[in-house]
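Quick look at run_36.pdb (PDB, C-alpha atoms and all ligand atoms):
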ATOM      1  CA  MET A   1     -32.562  -5.796 -32.330
ATOM      2  CA  TRP A   2     -31.620  -6.716 -28.762
ATOM      3  CA  THR A   3     -27.924  -7.067 -29.544
ATOM      4  CA  ILE A   4     -27.830  -3.680 -31.222
ATOM      5  CA  LEU A   5     -29.471  -2.024 -28.224
ATOM      6  CA  ALA A   6     -27.483  -3.913 -25.625
ATOM      7  CA  SER A   7     -23.928  -3.264 -26.799
ATOM      8  CA  PRO A   8     -23.685   0.523 -26.278
ATOM      9  CA  ILE A   9     -25.165   0.072 -22.799
ATOM     10  CA  ALA A  10     -22.576  -2.563 -21.964
ATOM     11  CA  VAL A  11     -19.786  -0.276 -23.155
ATOM     12  CA  LEU A  12     -21.071   2.665 -21.132
ATOM     13  CA  GLY A  13     -21.501   0.448 -18.081
ATOM     14  CA  GLY A  14     -17.891  -0.677 -18.415
ATOM     15  CA  CYS A  15     -16.600   2.901 -18.538
ATOM     16  CA  GLY A  16     -18.684   3.959 -15.571
ATOM     17  CA  SER A  17     -17.600   1.144 -13.315
ATOM     18  CA  SER A  18     -13.875   1.478 -14.046
ATOM     19  CA  ALA A  19     -14.011   5.252 -13.522
ATOM     20  CA  ALA A  20     -15.691   4.698 -10.169
ATOM     21  CA  LYS A  21     -12.692   2.844  -8.747
ATOM     22  CA  PRO A  22      -9.695   5.181  -8.782
ATOM     23  CA  GLU A  23      -8.357   3.289  -5.727
ATOM     24  CA  GLN A  24      -7.418   0.354  -7.875
ATOM     25  CA  SER A  25      -5.378   2.246 -10.399
ATOM     26  CA  SER A  26      -1.867   3.189  -9.475
ATOM     27  CA  THR A  27       0.891   4.757 -11.487
ATOM     28  CA  VAL A  28       4.655   4.879 -11.544
ATOM     29  CA  SER A  29       4.464   8.396 -10.143
ATOM     30  CA  ASP A  30       2.423   7.145  -7.152
ATOM     31  CA  ALA A  31       5.201   4.640  -6.465
ATOM     32  CA  ALA A  32       7.859   7.351  -6.860
ATOM     33  CA  ALA A  33       5.973   9.535  -4.383
ATOM     34  CA  GLY A  34       5.766   6.520  -2.076
ATOM     35  CA  ALA A  35       9.554   6.161  -2.160
ATOM     36  CA  ILE A  36       9.882   9.803  -1.117
ATOM     37  CA  TRP A  37       7.432   9.378   1.808
ATOM     38  CA  ILE A  38       9.295   6.241   2.898
ATOM     39  CA  SER A  39      12.574   8.183   2.960
ATOM     40  CA  ARG A  40      11.067  11.168   4.770
ATOM     41  CA  SER A  41       9.221   9.046   7.354
ATOM     42  CA  GLY A  42      12.336   7.182   8.476
ATOM     43  CA  CYS A  43      10.875   3.737   7.728
ATOM     44  CA  GLY A  44      14.388   2.622   6.791
ATOM     45  CA  SER A  45      15.662   3.064  10.333
ATOM     46  CA  CYS A  46      13.609  -0.017  11.239
ATOM     47  CA  HIS A  47      13.208  -1.872   7.922
ATOM     48  CA  GLN A  48      15.353  -3.082   5.062
ATOM     49  CA  ILE A  49      13.596  -1.720   1.956
ATOM     50  CA  PRO A  50      14.951  -2.385  -1.553
ATOM     51  CA  GLY A  51      15.510   0.771  -3.594
ATOM     52  CA  ILE A  52      15.514   3.141  -0.599
ATOM     53  CA  MET A  53      18.879   4.604   0.330
ATOM     54  CA  HIS A  54      20.048   3.796   3.898
ATOM     55  CA  ALA A  55      16.981   1.623   4.543
ATOM     56  CA  SER A  56      18.776  -1.116   6.434
ATOM     57  CA  GLY A  57      17.088  -1.192   9.862
ATOM     58  CA  LEU A  58      16.565  -4.475  11.657
ATOM     59  CA  VAL A  59      13.883  -3.555  14.215
ATOM     60  CA  GLY A  60      11.004  -4.640  11.952
ATOM     61  CA  PRO A  61      10.893  -7.309   9.227
ATOM     62  CA  PRO A  62      12.503  -6.595   5.832
ATOM     63  CA  LEU A  63       9.900  -5.185   3.423
ATOM     64  CA  ILE A  64      10.780  -7.467   0.540
ATOM     65  CA  HIS A  65       8.589  -9.458  -1.859
ATOM     66  CA  PHE A  66       5.605  -7.565  -0.547
ATOM     67  CA  SER A  67       3.373  -8.323  -3.518
ATOM     68  CA  GLN A  68       3.732 -12.043  -2.742
ATOM     69  CA  ARG A  69       2.988 -11.962   0.992
ATOM     70  CA  THR A  70      -0.298 -13.313   2.321
ATOM     71  CA  ILE A  71      -0.338 -11.692   5.782
ATOM     72  CA  ILE A  72       0.721  -8.238   7.037
ATOM     73  CA  ALA A  73       2.441  -8.042  10.444
ATOM     74  CA  GLY A  74       1.347 -11.631  11.123
ATOM     75  CA  TYR A  75      -2.217 -10.415  11.453
ATOM     76  CA  LEU A  76      -3.994  -8.752   8.495
ATOM     77  CA  PRO A  77      -4.714 -10.362   5.100
ATOM     78  CA  ASN A  78      -2.452  -8.666   2.563
ATOM     79  CA  THR A  79      -4.836  -6.436   0.603
ATOM     80  CA  ARG A  80      -4.145  -2.919  -0.664
ATOM     81  CA  ALA A  81      -6.606  -1.402   1.842
ATOM     82  CA  ASN A  82      -5.179  -3.350   4.784
ATOM     83  CA  LEU A  83      -1.583  -2.484   3.907
ATOM     84  CA  ALA A  84      -2.415   1.231   3.655
ATOM     85  CA  ARG A  85      -4.276   0.991   6.972
ATOM     86  CA  TRP A  86      -1.321  -0.680   8.677
ATOM     87  CA  ILE A  87       1.145   1.886   7.309
ATOM     88  CA  GLN A  88      -1.048   4.784   8.453
ATOM     89  CA  HIS A  89      -2.269   3.438  11.816
ATOM     90  CA  PRO A  90      -0.062   0.589  13.088
ATOM     91  CA  GLN A  91      -0.868   1.467  16.703
ATOM     92  CA  GLN A  92      -4.599   1.265  16.028
ATOM     93  CA  VAL A  93      -4.255  -2.129  14.357
ATOM     94  CA  ALA A  94      -1.860  -3.670  16.897
ATOM     95  CA  PRO A  95      -1.624  -1.424  19.973
ATOM     96  CA  GLY A  96       1.752  -1.490  21.668
ATOM     97  CA  ASN A  97       3.743  -2.899  18.729
ATOM     98  CA  ALA A  98       7.097  -1.217  18.036
ATOM     99  CA  MET A  99       6.020   0.576  14.836
ATOM    100  CA  PRO A 100       4.930   4.177  15.547
ATOM    101  CA  ASP A 101       2.102   6.069  13.816
ATOM    102  CA  ALA A 102       3.993   8.436  11.492
ATOM    103  CA  GLY A 103       1.104  10.873  10.920
ATOM    104  CA  LEU A 104       0.766   9.986   7.231
ATOM    105  CA  THR A 105      -2.211  11.149   5.135
ATOM    106  CA  ASP A 106      -4.432   8.667   3.275
ATOM    107  CA  LYS A 107      -2.701   9.565   0.005
ATOM    108  CA  GLN A 108       0.801   9.155   1.457
ATOM    109  CA  ALA A 109      -0.122   5.735   2.887
ATOM    110  CA  ARG A 110      -1.586   4.693  -0.494
ATOM    111  CA  ASP A 111       1.543   5.843  -2.357
ATOM    112  CA  ILE A 112       3.771   3.888   0.029
ATOM    113  CA  THR A 113       1.512   0.859  -0.492
ATOM    114  CA  THR A 114       1.944   1.207  -4.267
ATOM    115  CA  TYR A 115       5.737   1.348  -3.844
ATOM    116  CA  LEU A 116       5.790  -1.748  -1.627
ATOM    117  CA  TYR A 117       3.583  -3.723  -4.045
ATOM    118  CA  GLY A 118       6.096  -2.869  -6.765
ATOM    119  CA  LEU A 119       8.670  -4.946  -4.839
ATOM    120  CA  LYS A 120       8.184  -8.326  -6.532
TER     121      LYS A 120
HETATM  122  C1  LIG B   1      10.554   2.197  15.189
HETATM  123  C2  LIG B   1      10.626   1.166  14.182
HETATM  124  C3  LIG B   1       9.688   1.206  12.985
HETATM  125  C4  LIG B   1       9.486   2.247  12.106
HETATM  126  C5  LIG B   1      10.065   3.650  12.143
HETATM  127  C6  LIG B   1       8.610   1.718  11.075
HETATM  128  N1  LIG B   1       8.297   0.407  11.320
HETATM  129 FE1  LIG B   1       7.177  -0.815  10.147
HETATM  130  N2  LIG B   1       7.322  -2.276  11.521
HETATM  131  C7  LIG B   1       8.064  -2.212  12.694
HETATM  132  C8  LIG B   1       7.875  -3.440  13.435
HETATM  133  C9  LIG B   1       8.505  -3.795  14.780
HETATM  134  C10 LIG B   1       6.981  -4.235  12.684
HETATM  135  C11 LIG B   1       6.411  -5.602  13.047
HETATM  136  C12 LIG B   1       5.133  -5.345  13.796
HETATM  137  C13 LIG B   1       4.355  -6.590  14.130
HETATM  138  O1  LIG B   1       4.521  -7.622  13.456
HETATM  139  O2  LIG B   1       3.520  -6.505  15.058
HETATM  140  C14 LIG B   1       6.680  -3.476  11.479
HETATM  141  C15 LIG B   1       5.879  -3.955  10.454
HETATM  142  C16 LIG B   1       5.723  -3.309   9.248
HETATM  143  C17 LIG B   1       5.053  -3.871   8.105
HETATM  144  C18 LIG B   1       4.509  -5.280   8.025
HETATM  145  C19 LIG B   1       5.694  -6.182   7.680
HETATM  146  C20 LIG B   1       5.395  -7.632   7.485
HETATM  147  O3  LIG B   1       6.350  -8.380   7.223
HETATM  148  O4  LIG B   1       4.254  -8.063   7.553
HETATM  149  C21 LIG B   1       5.084  -2.933   7.128
HETATM  150  C22 LIG B   1       4.531  -3.061   5.725
HETATM  151  C23 LIG B   1       5.763  -1.789   7.657
HETATM  152  N3  LIG B   1       6.134  -2.050   8.950
HETATM  153  C24 LIG B   1       5.976  -0.621   6.953
HETATM  154  C25 LIG B   1       6.553   0.524   7.496
HETATM  155  C26 LIG B   1       6.604   1.792   6.828
HETATM  156  C27 LIG B   1       6.110   2.049   5.423
HETATM  157  C28 LIG B   1       7.206   2.668   7.690
HETATM  158  C29 LIG B   1       7.418   4.132   7.520
HETATM  159  C30 LIG B   1       6.204   4.943   7.312
HETATM  160  C31 LIG B   1       7.532   1.923   8.896
HETATM  161  N4  LIG B   1       7.107   0.620   8.739
HETATM  162  C32 LIG B   1       8.178   2.453   9.995
HETATM  163  C33 LIG B   1       8.872  -1.183  13.095
HETATM  164  C34 LIG B   1       8.932   0.050  12.485
END

Transcribe the structure of this file into structure tokens.
Ligand code: HEC
Amino acid sequence: MWTILASPIAVLGGCGSSAAKPEQSSTVSDAAAGAIWISRSGCGSCHQIPGIMHASGLVGPPLIHFSQRTIIAGYLPNTRANLARWIQHPQQVAPGNAMPDAGLTDKQARDITTYLYGLK
């Protein structure tokens, strides 16, 4: 009796909780959009970034192996939220550092984050 009642509830609960977290799902098209924002924002004038044409700058660190890093900019734990925050507001996070705020939207910063996490 209890098992029969409990299972549909568990299934519904599972659907509800995964639907409530769109932040955690990312798609190939988010990464492709991220690549476009990276190109348009001129990130490559300061960073080497695999897969982005002319991204060979040496002002900032190369953005390689980003999914395996533990710390962002020597300061923030490498989580999706922290990386998006750094990309959108580097001057807020570390005032005076050489990386400028590029005026990116939340969505643009998240797409760039998805692209960078695709760099194994
Ligand atoms: C004018 C040069 C400049 C531009 C343009 C620039 N950055 Fe940076 N970036 C830096 C510097 C310098 C650092 C290191 C900052 C620090 O460690 O305090 C940095 C750090 C980073 C980091 C952390 C790297 C690490 O190894 O932890 C990421 C990620 C990053 N930048 C992404 C971007 C993205 C994405 C763009 C484009 C939207 C961009 N940067 C544009 C100079 C730049």

Neighbouring residues of segment 105-110 of chain A were defined as those with any atom within 8 Å, considering all atoms listed in the file; residues of the same chain fewer than 4 positions away were excluded. Please report them as a ChimeraX atom specification. /A:33-34,37,84-85,87-88,114

Looking at all atoms listed in the file, which of A:Ile112, A:Ala73, A:Ile38, A:Leu119 is the one that sits closest to Asn97 of chain A?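 Checking each of A:Ile112, A:Ala73, A:Ile38, A:Leu119 against Asn97 of chain A, counting all atoms listed in the file, the winner is A:Ala73.
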
Would you write out, as number ranges by chain, every residue that the PyMOL selection byres (((not hetatm)) within 7 of (chain B and resi 1)) captures in this file? A: 38, 41-47, 59-63, 71-74, 83, 86-87, 94, 97-100, 102, 112

For atom CA of Ile52 of chain A and atom CA of Gln91 of chain A, quote the distance in Å rounded to one decimal. 23.9 Å

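Note that atom CA of Leu58 of chain A and atom CA of Ser29 of chain A are 28.1 Å apart.
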
To one decimal place in Å, what is the distance between atom CA of Ile36 of chain A and atom CA of His89 of chain A?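 The value is 18.9 Å.
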
Residues proximal to (-0.7, -7.9, 3.4) were defined as those with any atom within 7 Å of that point in the file's coordinates, counting all atoms listed in the file. Which are they, as a ChimeraX atom specification? /A:69-72,76-79,82-83

Measuring atom to atom with only C-alpha atoms, identify which of A:Pro90, A:Phe66, A:Asp30, A:Gly96 is nearest to Pro50 of chain A.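 Selected residue with least distance to Pro50 of chain A: A:Phe66.
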
Distance criterion (all atoms listed in the file): nearest to Ala81 of chain A out of A:Thr27, A:Thr113, A:Ser56, A:Gln68: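 Comparing A:Thr27, A:Thr113, A:Ser56, A:Gln68 against Ala81 of chain A, the winner is A:Thr113.
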